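Since the structure comes first, as C-alpha cells, the remarks are kept for the end.
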Amino acid sequence: MSTCCSINNKKEKVLTPGNCPTCQAKGKKVGLITLFQLIKRPFQKEINRSSQYYFCSSKECEVVYFSNQNNDFLFKKEHLIVKVGQKESTPKQVCYCFDYTHQDILEEVQKTGKSTATQIITQNIKEGLCACEMRNPQGSCCLGNVKEAENQATEKCKK
Ligand SMILES: [Zn+2]
C-alpha cells in the first residue's frame, strides 16, 4: 500500500478550544465567576475576562482551567484556593457546598447500608442553599458526582 499524506495530517495536534492542552481531554465550560471565586488573588489578574474557560477533570492532569485562546494563562492546581476532588486521591471532595468527601459517603454506606447525601443535597438545593457556581471548581452542581460516589460506595460494600 502506498503511503498517504492524510495519515500524517491526522497525527497533528490540534488545539481545539474545549480540549485540555495538556491531557487533550474534553473540558467543561465554566463561567468567570467560578474562576474569580477559586483562583488565588495573585493570579486573578491573569484571568482574561473576554475568554471562555474550560475545566479539566482528568485525575492525572495538573491543569484546572484553560481557554486555549489569546495565549491565556493556564491555571493549575497550585493556583486554586481549594483542592479539586477529581484530581486528588484523598480526601476526595465531592460536594463543596455541604462538605461531602468520597470517604464520608463510603463511611455512611458502611455503617448504615445507604447514603443520604443525594437526598440531603437535593433538599438543600430546593431551598436555594447551594452555591456550586462559586464553590465547586467544576462550576456546576455536584449531584452527578455525588450519585457516582454513592454507587461506587454501594459497589464496594457489596464485596
Ligand atoms: Zn487536562
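Identifiers in the C-alpha cells: chain A, B, ... in order shown; residue index from 1 per chain; ligand index from 1 in order shown.
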Spatial neighbours of Lys29 in chain A, max dist 10 Å, only C-alpha atoms, sep filter under 4 positions, as a compact mmCIF listing (two decimals) with C-alpha atoms, in the first residue's frame:
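Final file, around-v6.txt:
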# COMPACT_ATOMS: atom_id res chain seq x y z
CA GLY A 18 -12.62 22.89 24.55
CA GLN A 52 -14.32 31.26 27.53
CA TYR A 53 -12.66 28.99 30.09
CA TYR A 54 -12.98 25.25 30.48
CA PHE A 55 -12.47 22.94 33.45
CA CYS A 56 -10.27 19.84 33.04
CA TYR A 65 -8.75 25.93 33.84
CA PHE A 66 -7.76 26.71 30.27
CA SER A 67 -9.12 28.67 27.34
CA GLN A 138 -16.25 22.44 38.04
CA GLY A 139 -18.58 25.44 38.32
CA SER A 140 -21.73 23.36 38.28
Notebook entry, point to check: Within 8 Å of ligand 1, counting only C-alpha atoms and all ligand atoms: which residues, as a list in words?
Noted result: Asn19, Cys20, Pro21, Thr22, Cys23, Gln24, Ala25, Gly27, Cys56, Ser57, Ser58, Glu60, Cys61, Glu62, Val63 and Val64 of chain A
Check: Using only C-alpha atoms, which residue out of A:Arg49, A:Lys59, A:Lys26, A:His102 lies closest to Glu88 in chain A?
Finding: A:Lys59
Next item on the list: With a distance cut-off of 10 Å and only C-alpha atoms, select the neighbouring residues of Ser50 in chain A, excluding the residue or stretch itself and same-chain residues fewer than 5 positions from it, and output the selection as an NGL selection string.
Entry: :A and (32 or 69-70)
Residue selection dump (C-alpha atoms) as a tab-separated table (two decimals), in the first residue's frame:
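What follows is the written file result-v4.tsv:
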chain	number	residue	atom	x	y	z
A	32	LEU	CA	-15.74	33.75	35.08
A	69	GLN	CA	-7.26	31.43	23.30
A	70	ASN	CA	-5.19	34.63	23.20
Note to self: I'd like to know which of A:Cys157, A:Phe43, A:Asn151, A:Met134 is closest to Val30 in chain A, using only C-alpha atoms.
What the structure shows: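 Looking at the shortest contact to Val30 in chain A, the residue is A:Met134.
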Margin query: Residues near Gly113 in chain A, anyone? I mean within 10 Å using only C-alpha atoms, not counting same-chain ones fewer than 5 positions away, as a ChimeraX atom specification.
Written below: /A:106-108,153-154,157-158
Note to self: Let's see if you can do this: from backbone DSSP, list all strand (DSSP E or B) residues in chain A, as number ranges by chain.
What the structure shows: A: 19, 26, 28-30, 39, 53-55, 63-66, 75-76, 80, 93-95, 100-101
